[in-house]
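Chemist: Sharing entry_4.csv (CSV, C-alpha atoms) below.
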chain,number,residue,atom,x,y,z
P,19,MET,CA,177.4,92.6,60.9
P,20,THR,CA,174.9,92.6,58.0
P,21,THR,CA,177.7,91.5,55.6
P,22,ALA,CA,178.6,88.7,57.9
P,23,VAL,CA,175.0,87.5,58.0
P,24,ARG,CA,174.7,87.7,54.2
P,25,GLU,CA,177.9,85.6,53.8
P,26,LYS,CA,176.4,83.0,56.1
P,27,SER,CA,173.1,83.0,54.3
P,28,PHE,CA,174.7,82.8,50.9
P,29,SER,CA,176.6,79.8,52.1
P,30,LEU,CA,173.4,78.1,53.2
P,31,ALA,CA,171.6,78.7,49.9
P,32,LYS,CA,174.6,77.5,48.0
P,33,ASN,CA,174.8,74.4,50.1
P,34,ARG,CA,171.2,73.7,49.5
P,35,ARG,CA,171.6,74.0,45.7
P,36,VAL,CA,174.6,71.6,45.8
P,37,ILE,CA,172.7,69.1,47.8
P,38,GLN,CA,169.7,69.3,45.5
P,39,TRP,CA,171.9,68.8,42.4
P,40,LEU,CA,173.4,65.7,44.1
P,41,ALA,CA,169.9,64.4,44.9
P,42,VAL,CA,168.9,64.9,41.3
P,43,ILE,CA,172.0,63.2,39.9
P,44,GLY,CA,171.8,60.4,42.4
P,45,THR,CA,168.2,59.7,41.4
P,46,PHE,CA,169.1,59.8,37.7
P,47,VAL,CA,171.9,57.3,38.4
P,48,LEU,CA,169.3,55.0,40.1
P,49,GLY,CA,167.1,55.3,37.0
P,50,LEU,CA,170.1,54.7,34.7
P,51,ARG,CA,171.1,51.7,36.7
P,52,HIS,CA,167.8,50.1,36.0
P,53,ILE,CA,168.0,50.4,32.2
P,54,MET,CA,171.5,48.9,32.0
P,55,PRO,CA,171.9,45.3,31.0
P,56,GLY,CA,171.9,42.8,34.0
P,57,GLU,CA,169.3,44.7,36.0
P,58,ALA,CA,167.8,41.5,37.4
P,59,SER,CA,171.1,40.5,39.0
P,60,ARG,CA,171.5,43.8,40.9
P,61,GLY,CA,168.6,43.5,43.4
P,62,GLY,CA,166.2,46.3,44.2
P,63,SER,CA,164.0,47.8,41.5
P,64,PHE,CA,163.8,51.6,40.9
P,65,ASP,CA,160.7,51.6,43.1
P,66,SER,CA,162.5,50.0,46.0
P,67,PHE,CA,164.5,53.2,46.6
P,68,CYS,CA,161.3,55.2,47.2
P,69,ALA,CA,160.2,56.4,50.6
P,70,PHE,CA,156.6,56.6,49.6
P,71,GLY,CA,156.9,53.0,48.3
P,72,GLY,CA,157.4,52.1,51.9
P,73,ILE,CA,154.1,53.7,52.9
P,74,GLU,CA,152.3,52.1,49.9
P,75,THR,CA,153.4,48.6,50.8
P,76,LEU,CA,153.2,49.0,54.6
P,77,LEU,CA,149.5,48.1,55.0
P,78,PRO,CA,149.6,45.1,52.6
P,79,TYR,CA,152.7,43.8,54.4
P,80,PHE,CA,151.1,44.3,57.8
P,81,PHE,CA,147.9,42.5,56.9
P,82,THR,CA,149.1,39.8,54.5
P,83,GLY,CA,152.8,39.5,55.1
P,84,HIS,CA,153.6,40.2,51.5
P,85,LEU,CA,155.1,43.3,49.9
P,86,LEU,CA,153.5,44.8,46.8
P,87,LYS,CA,155.2,43.8,43.6
P,88,SER,CA,158.2,46.0,42.6
P,89,THR,CA,158.7,47.1,46.3
P,90,ASN,CA,161.3,45.7,48.6
P,91,LEU,CA,162.3,45.7,52.2
P,92,LEU,CA,164.7,48.6,51.4
P,93,ASN,CA,161.6,50.8,50.9
P,94,PHE,CA,161.1,50.6,54.7
P,95,SER,CA,164.7,51.7,55.4
P,96,VAL,CA,164.3,54.7,53.0
P,97,LEU,CA,161.0,55.5,54.7
P,98,ILE,CA,162.6,55.3,58.1
P,99,ALA,CA,165.4,57.7,56.9
P,100,THR,CA,162.8,60.1,55.6
P,101,LEU,CA,160.8,60.0,58.7
P,102,GLY,CA,164.0,60.3,60.8
P,103,VAL,CA,165.0,63.6,59.0
P,104,SER,CA,161.4,64.9,59.5
P,105,LEU,CA,161.5,63.9,63.1
P,106,VAL,CA,164.6,66.0,63.5
P,107,ALA,CA,164.0,69.0,61.2
P,108,GLY,CA,160.4,68.9,59.9
P,109,ARG,CA,159.9,68.7,56.2
P,110,ALA,CA,163.5,69.4,55.4
P,111,PHE,CA,163.6,66.2,53.3
P,112,CYS,CA,161.2,68.0,50.8
P,113,GLY,CA,163.3,71.2,50.8
P,114,TRP,CA,166.7,69.7,50.6
P,115,LEU,CA,166.9,66.0,49.7
P,116,CYS,CA,163.9,65.3,47.4
P,117,GLY,CA,165.0,65.1,43.8
P,118,LEU,CA,161.5,66.0,42.6
P,119,GLY,CA,161.4,69.1,44.8
P,120,ALA,CA,164.8,70.1,43.4
P,121,ILE,CA,163.5,69.6,39.8
P,122,GLN,CA,160.5,71.9,40.6
P,123,ASP,CA,162.9,74.6,42.1
P,124,PHE,CA,165.0,74.4,39.0
P,125,VAL,CA,162.0,74.5,36.6
P,126,ALA,CA,160.6,77.6,38.5
P,127,GLU,CA,163.9,79.3,38.3
P,128,TRP,CA,164.2,78.7,34.5
P,129,ALA,CA,160.5,79.7,34.0
P,130,ARG,CA,161.2,83.0,35.8
P,131,LYS,CA,164.1,83.7,33.5
P,132,LEU,CA,162.1,82.6,30.4
P,133,PHE,CA,159.1,84.7,31.3
P,134,GLY,CA,160.6,88.0,32.0
P,135,GLU,CA,163.0,88.1,35.0
P,136,ARG,CA,166.6,88.8,33.9
P,137,ARG,CA,168.1,88.7,37.3
P,138,HIS,CA,166.6,87.6,40.6
P,139,PHE,CA,167.1,89.9,43.6
P,140,PRO,CA,166.4,88.0,46.8
P,141,GLY,CA,163.4,89.5,48.6
P,142,LYS,CA,162.2,91.5,45.6
P,143,GLN,CA,158.9,90.7,43.9
P,144,SER,CA,159.5,88.9,40.6
P,145,LYS,CA,158.3,90.6,37.4
P,146,ALA,CA,158.1,87.3,35.6
P,147,LEU,CA,154.7,86.2,34.2
P,148,LEU,CA,155.3,82.7,35.4
P,149,PRO,CA,155.2,80.9,37.8
P,150,LEU,CA,151.9,82.2,39.1
P,151,ARG,CA,150.7,82.6,42.7
P,152,LEU,CA,147.2,81.3,42.8
P,153,PRO,CA,144.7,83.4,44.7
P,154,ALA,CA,144.1,82.1,48.2
P,155,VAL,CA,140.5,81.2,47.4
P,156,VAL,CA,141.7,78.6,44.9
P,157,ASP,CA,145.0,77.8,46.5
P,158,ARG,CA,143.8,76.9,50.0
P,159,PRO,CA,141.2,74.2,49.1
P,160,LEU,CA,143.6,72.7,46.5
P,161,ARG,CA,146.2,72.2,49.3
P,162,TYR,CA,144.0,69.6,50.9
P,163,ALA,CA,144.0,67.5,47.7
P,164,LYS,CA,147.3,65.8,48.7
P,165,TYR,CA,145.7,64.5,51.9
P,166,LEU,CA,142.9,63.0,49.8
P,167,VAL,CA,145.5,61.5,47.4
P,168,LEU,CA,147.2,59.9,50.5
P,169,VAL,CA,144.0,58.4,51.8
P,170,ILE,CA,143.0,57.0,48.4
P,171,ILE,CA,146.4,55.5,47.9
P,172,LEU,CA,146.4,53.9,51.4
P,173,ILE,CA,143.0,52.3,50.7
P,174,ALA,CA,143.9,51.3,47.2
P,175,SER,CA,147.2,49.7,48.4
P,176,LEU,CA,145.1,47.0,50.3
P,177,TYR,CA,143.6,45.8,47.0
P,178,ALA,CA,146.6,46.4,44.6
P,179,ALA,CA,149.3,44.1,43.3
P,180,PHE,CA,151.6,47.0,42.4
P,181,PRO,CA,152.0,50.3,44.4
P,182,PRO,CA,148.9,52.3,43.4
P,183,LEU,CA,150.8,55.5,42.5
P,184,ARG,CA,153.3,53.7,40.3
P,185,GLU,CA,151.8,54.5,37.0
P,186,PHE,CA,151.2,58.1,37.8
P,187,CYS,CA,154.4,58.8,39.8
P,188,PRO,CA,156.3,61.9,38.7
P,189,VAL,CA,159.5,60.5,40.2
P,190,ARG,CA,159.3,57.6,37.8
P,191,ALA,CA,158.3,59.9,35.0
P,192,VAL,CA,161.3,62.2,35.5
P,193,PHE,CA,164.0,59.7,36.7
P,194,SER,CA,163.2,56.1,35.9
P,195,LEU,CA,163.9,56.3,32.1
P,196,LYS,CA,161.4,53.5,31.5
P,197,MET,CA,158.5,55.4,30.1
P,198,THR,CA,154.9,54.3,29.5
P,199,SER,CA,152.2,56.4,27.9
P,200,LEU,CA,150.7,57.2,31.3
P,201,LEU,CA,154.2,58.3,32.6
P,202,TRP,CA,154.6,60.6,29.6
P,203,LEU,CA,151.3,62.1,30.4
P,204,THR,CA,152.3,62.5,34.1
P,205,LEU,CA,155.6,64.0,33.0
P,206,GLY,CA,153.8,66.6,30.8
P,207,ILE,CA,151.4,67.5,33.6
P,208,PHE,CA,154.2,67.7,36.2
P,209,LEU,CA,156.4,70.0,34.0
P,210,ALA,CA,153.5,72.2,32.9
P,211,GLY,CA,152.3,72.5,36.5
P,212,SER,CA,155.7,73.3,37.8
P,213,ILE,CA,156.1,76.1,35.2
P,214,LEU,CA,152.6,77.5,36.1
P,215,VAL,CA,152.8,77.2,39.9
P,216,GLU,CA,156.0,77.0,41.9
P,217,ARG,CA,156.3,73.6,43.7
P,218,PHE,CA,153.0,72.6,42.1
P,219,TRP,CA,153.4,68.9,43.0
P,220,CYS,CA,154.5,69.6,46.6
P,221,LYS,CA,151.7,72.1,47.3
P,222,TYR,CA,148.7,70.2,45.9
P,223,LEU,CA,149.4,66.5,45.2
P,224,CYS,CA,152.4,65.0,46.9
P,225,PRO,CA,151.2,62.2,49.3
P,226,LEU,CA,154.6,62.0,50.9
P,227,GLY,CA,154.5,65.7,51.8
P,228,ALA,CA,151.1,65.1,53.3
P,229,THR,CA,152.6,62.4,55.5
P,230,LEU,CA,155.5,64.5,56.6
P,231,ALA,CA,153.4,67.7,57.3
P,232,ILE,CA,152.7,66.9,60.9
P,233,PHE,CA,156.5,66.7,61.7
P,234,ASN,CA,156.8,70.5,61.3
P,235,LYS,CA,154.8,70.9,64.5
P,236,ILE,CA,156.9,68.5,66.6
P,237,SER,CA,160.5,68.6,65.2
P,238,PRO,CA,163.0,70.0,67.6
P,239,VAL,CA,165.2,71.8,65.0
P,240,ARG,CA,163.2,74.7,63.7
P,241,LEU,CA,163.2,78.4,62.7
P,242,VAL,CA,162.3,81.0,65.3
P,243,THR,CA,161.3,84.7,64.8
P,244,ASP,CA,162.6,87.3,67.2
P,245,THR,CA,159.7,89.8,67.1
P,246,ASN,CA,162.0,92.5,68.5
P,247,HIS,CA,164.1,92.4,65.4
P,248,CYS,CA,161.6,91.5,62.7
P,249,ASN,CA,160.0,94.5,61.0
P,250,ASN,CA,157.6,92.5,58.8
P,251,CYS,CA,159.2,93.7,55.6
P,252,GLY,CA,157.7,90.8,53.7
P,253,ARG,CA,160.9,89.7,52.0
P,254,CYS,CA,160.5,86.2,53.3
P,255,ASP,CA,156.9,86.0,52.1
P,256,ILE,CA,158.1,86.8,48.6
P,257,GLU,CA,160.9,84.2,48.6
P,258,CYS,CA,158.7,81.4,50.0
P,259,SER,CA,158.4,78.8,47.3
P,260,MET,CA,155.5,77.1,49.1
P,261,GLY,CA,153.6,80.4,49.1
P,262,ILE,CA,153.1,80.6,52.9
P,263,ALA,CA,151.6,84.0,54.0
P,264,ASP,CA,153.1,85.9,56.9
P,265,VAL,CA,156.1,83.6,57.2
P,266,PRO,CA,157.5,85.1,60.5
P,267,ILE,CA,154.4,84.0,62.4
P,268,ASN,CA,153.9,80.7,60.4
P,269,LEU,CA,157.3,79.1,60.8
P,270,ASP,CA,155.7,75.8,61.9
P,271,HIS,CA,153.2,75.8,59.1
P,272,PRO,CA,152.6,72.2,57.8
P,273,GLU,CA,153.3,73.5,54.2
P,274,CYS,CA,156.8,74.7,55.1
P,275,VAL,CA,159.6,72.6,53.5
P,276,ARG,CA,162.3,74.1,55.7
P,277,CYS,CA,164.3,75.3,52.6
P,278,MET,CA,165.5,78.2,54.7
P,279,GLU,CA,165.1,80.7,51.8
P,280,CYS,CA,163.4,83.0,54.3
P,281,LEU,CA,166.5,83.0,56.5
P,282,ASN,CA,168.6,83.4,53.4
P,283,THR,CA,166.7,86.5,52.3
P,284,CYS,CA,166.2,88.1,55.7
P,285,ALA,CA,168.1,91.4,55.9
P,286,ARG,CA,167.8,92.0,59.6
P,287,ASP,CA,170.4,90.2,61.7
P,288,GLY,CA,168.8,88.0,64.4
P,289,SER,CA,165.2,88.2,63.1
P,290,LEU,CA,165.2,84.5,62.1
P,291,THR,CA,167.4,81.9,63.7
P,292,ILE,CA,167.6,78.2,63.6
P,293,GLN,CA,167.1,76.8,67.1
P,294,ILE,CA,166.5,73.6,69.0
P,295,ARG,CA,163.0,73.8,70.4
P,296,ASN,CA,162.6,74.4,74.1
P,297,LYS,CA,159.9,75.8,76.2
P,298,GLU,CA,161.3,79.4,76.3
P,299,ASN,CA,161.7,79.9,72.6
P,300,VAL,CA,158.2,79.4,71.4
P,301,THR,CA,157.4,81.9,68.6
U,20,MET,CA,169.7,76.8,71.8
U,21,LYS,CA,170.7,78.5,68.6
U,22,ILE,CA,172.3,76.6,65.7
U,23,ASN,CA,174.7,78.1,63.3
U,24,PRO,CA,173.1,77.8,59.8
U,25,ARG,CA,176.3,76.4,58.5
U,26,TYR,CA,175.6,73.2,60.4
U,27,TYR,CA,172.0,72.8,59.2
U,28,PRO,CA,172.8,70.9,56.0
U,29,ALA,CA,175.1,68.5,57.9
U,30,ILE,CA,172.3,67.9,60.5
U,31,ILE,CA,169.9,66.9,57.7
U,32,ILE,CA,172.3,64.6,55.9
U,33,ALA,CA,173.6,63.0,59.1
U,34,ALA,CA,170.0,62.4,60.3
U,35,TYR,CA,169.1,60.8,56.9
U,36,VAL,CA,172.2,58.6,56.8
U,37,LEU,CA,171.9,57.5,60.5
U,38,PHE,CA,168.2,56.6,60.1
U,39,LEU,CA,168.9,54.8,56.8
U,40,LEU,CA,171.6,52.7,58.6
U,41,LEU,CA,169.2,52.1,61.4
U,42,GLY,CA,166.6,50.8,59.0
U,43,ILE,CA,169.1,48.5,57.3
U,44,LEU,CA,170.3,47.2,60.7
U,45,LEU,CA,166.6,46.5,61.6
U,46,GLY,CA,166.6,44.1,58.7
U,47,PHE,CA,165.1,46.2,56.0
U,48,GLY,CA,168.1,45.9,53.7
U,49,PRO,CA,168.2,45.5,49.9
U,50,GLU,CA,167.6,41.9,49.0
U,51,ARG,CA,168.3,40.5,45.6
U,52,GLY,CA,165.0,39.5,43.9
U,53,SER,CA,162.9,40.1,47.1
U,54,GLU,CA,160.4,42.3,45.4
U,55,GLY,CA,156.9,41.3,46.4
U,56,ARG,CA,158.2,39.2,49.3
U,57,GLY,CA,159.7,40.2,52.6
U,58,ASN,CA,161.2,38.4,55.6
U,59,SER,CA,162.5,41.2,57.8
U,60,MET,CA,163.9,39.8,61.1
U,61,LEU,CA,162.2,42.6,63.0
U,62,PHE,CA,158.8,41.8,61.4
U,63,GLN,CA,159.2,38.1,61.9
U,64,LEU,CA,160.0,38.7,65.6
U,65,ALA,CA,157.0,41.0,65.9
U,66,PHE,CA,154.7,38.4,64.3
U,67,THR,CA,156.1,35.6,66.5
U,68,THR,CA,155.6,37.7,69.6
U,69,LEU,CA,152.1,38.5,68.6
U,70,GLU,CA,151.3,34.9,67.8
U,71,SER,CA,152.7,33.7,71.2
U,72,LEU,CA,150.7,36.4,73.0
U,73,ALA,CA,147.5,35.3,71.1
Would it be possible to restate this file's structure as structure tokens?

Modeler:
Amino acid sequence: MTTAVREKSFSLAKNRRVIQWLAVIGTFVLGLRHIMPGEASRGGSFDSFCAFGGIETLLPYFFTGHLLKSTNLLNFSVLIATLGVSLVAGRAFCGWLCGLGAIQDFVAEWARKLFGERRHFPGKQSKALLPLRLPAVVDRPLRYAKYLVLVIILIASLYAAFPPLREFCPVRAVFSLKMTSLLWLTLGIFLAGSILVERFWCKYLCPLGATLAIFNKISPVRLVTDTNHCNNCGRCDIECSMGIADVPINLDHPECVRCMECLNTCARDGSLTIQIRNKENVT
Amino acid sequence: MKINPRYYPAIIIAAYVLFLLLGILLGFGPERGSEGRGNSMLFQLAFTTLESLA
């Protein structure tokens, strides 16, 4: 039985990695497309494929009828798609489809190898020096920074010509291939942060993650703990890239990116299951 | 209702694609050179309705 569960879990983890690589390659292709000759004739700038661009340009469009420069109506479609996934499965976009989230997972994996972990055993505490887990007293207040970033950007968008995050956006810094000095600085901070703290951008600064956090509470597809099977071994806590404490009782936590690494690492059959929400299966 | 973990990736991708198509069908499609402007049919309809109500 346990072997069957591991086979299933392995398949899920492998699928996530494949999808993440596809998201990274796809976003790089978008960046590449916009440095090739004839960009102007193709329609849709690099920014117009950004879900958060839809949020940035929403208020100006609503109040003035004009989109911010470099954004496009396509931003709203990408935003609707991102909100749609979140409506169905919580912040699964962050854990599975976001190119930037994928880059952070890859960087953390490479950092662990570089700083002392030869082989990663799921559920076993890493001996690597980096990435760090910040103490709760520092980590918890910093998590609210992304909500502040979101509010500042929404207010700034009413007075801006271009999307306010544009010059500091790590997606553009990593993928757009059109660098400015500010974007180089952003890239440096993003990479250093991702080496120091796993999913640094998602935890502390991502305004899109802040927007999607609420969906973890309402999405019908979610993880459920069976308290009769779970023995609180803590394997899932160790594997959680978002650093959520007591994972089995915090499966609807706003910080959860639904990466399913907890399910992947769980050694007890039936402790964690993916379910469609109903009144009977409340954790 | 339990969901086989194997179907979870398909659910996410299907939801993303379906909602993206929905957005495009609502008129938020890629428009050549439309950066900084916008004339979604849905928004125009909403604005017209609001104007007529006002």

Chemist: Dump as a PyMOL selection string the residues of chain P that approach chain U to within 7 Å, counting only C-alpha atoms.

Modeler: chain P and resi 30+60-62+84-92+94-96+98-100+102-103+291-294

Chemist: Excluding P:Leu97 and any residue of its chain fewer than 6 positions from it, enumerate the residues within 9 Å of it, using all atoms listed in the file, and give them as a list in words.

Modeler: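 Returned residues: Cys68, Ala69, Phe70, Gly71, Gly72 and Ile73 of chain P; Leu39 and Gly42 of chain U.
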
Chemist: Please, what distance in Å, to one decimal, runs between atom CA of P:Phe233 and atom CA of P:Gly113?

Modeler: 13.6 Å

Chemist: Quote the spacing between atom CA of P:Val125 and atom CA of P:Leu195 in Å to one decimal place.

Modeler: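 Atom CA of P:Leu195 lies 18.8 Å from atom CA of P:Val125.
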
Chemist: Just the residues within 12 Å of P:Thr45, please, counting all atoms listed in the file, with nothing from its chain fewer than 6 positions along; format it as a PDB file with C-alpha atoms, in the frame of the given file.

Modeler:
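Resulting contents of result-v6.pdb:
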ATOM      1  CA  GLN P  38     169.700  69.300  45.500  1.00  0.00           C
ATOM      2  CA  TRP P  39     171.900  68.800  42.400  1.00  0.00           C
ATOM      3  CA  ARG P  51     171.100  51.700  36.700  1.00  0.00           C
ATOM      4  CA  HIS P  52     167.800  50.100  36.000  1.00  0.00           C
ATOM      5  CA  PHE P  64     163.800  51.600  40.900  1.00  0.00           C
ATOM      6  CA  ASP P  65     160.700  51.600  43.100  1.00  0.00           C
ATOM      7  CA  PHE P  67     164.500  53.200  46.600  1.00  0.00           C
ATOM      8  CA  CYS P  68     161.300  55.200  47.200  1.00  0.00           C
ATOM      9  CA  LEU P 115     166.900  66.000  49.700  1.00  0.00           C
ATOM     10  CA  CYS P 116     163.900  65.300  47.400  1.00  0.00           C
ATOM     11  CA  GLY P 117     165.000  65.100  43.800  1.00  0.00           C
ATOM     12  CA  LEU P 118     161.500  66.000  42.600  1.00  0.00           C
ATOM     13  CA  ALA P 120     164.800  70.100  43.400  1.00  0.00           C
ATOM     14  CA  ILE P 121     163.500  69.600  39.800  1.00  0.00           C
ATOM     15  CA  VAL P 189     159.500  60.500  40.200  1.00  0.00           C
ATOM     16  CA  ARG P 190     159.300  57.600  37.800  1.00  0.00           C
ATOM     17  CA  ALA P 191     158.300  59.900  35.000  1.00  0.00           C
ATOM     18  CA  VAL P 192     161.300  62.200  35.500  1.00  0.00           C
ATOM     19  CA  PHE P 193     164.000  59.700  36.700  1.00  0.00           C
ATOM     20  CA  SER P 194     163.200  56.100  35.900  1.00  0.00           C
ATOM     21  CA  LEU P 195     163.900  56.300  32.100  1.00  0.00           C
TER      22      LEU P 195
END

Chemist: One decimal, in Å: what's the spacing between atom CA of P:Phe124 and atom CA of P:Lys196?

Modeler: 22.5 Å
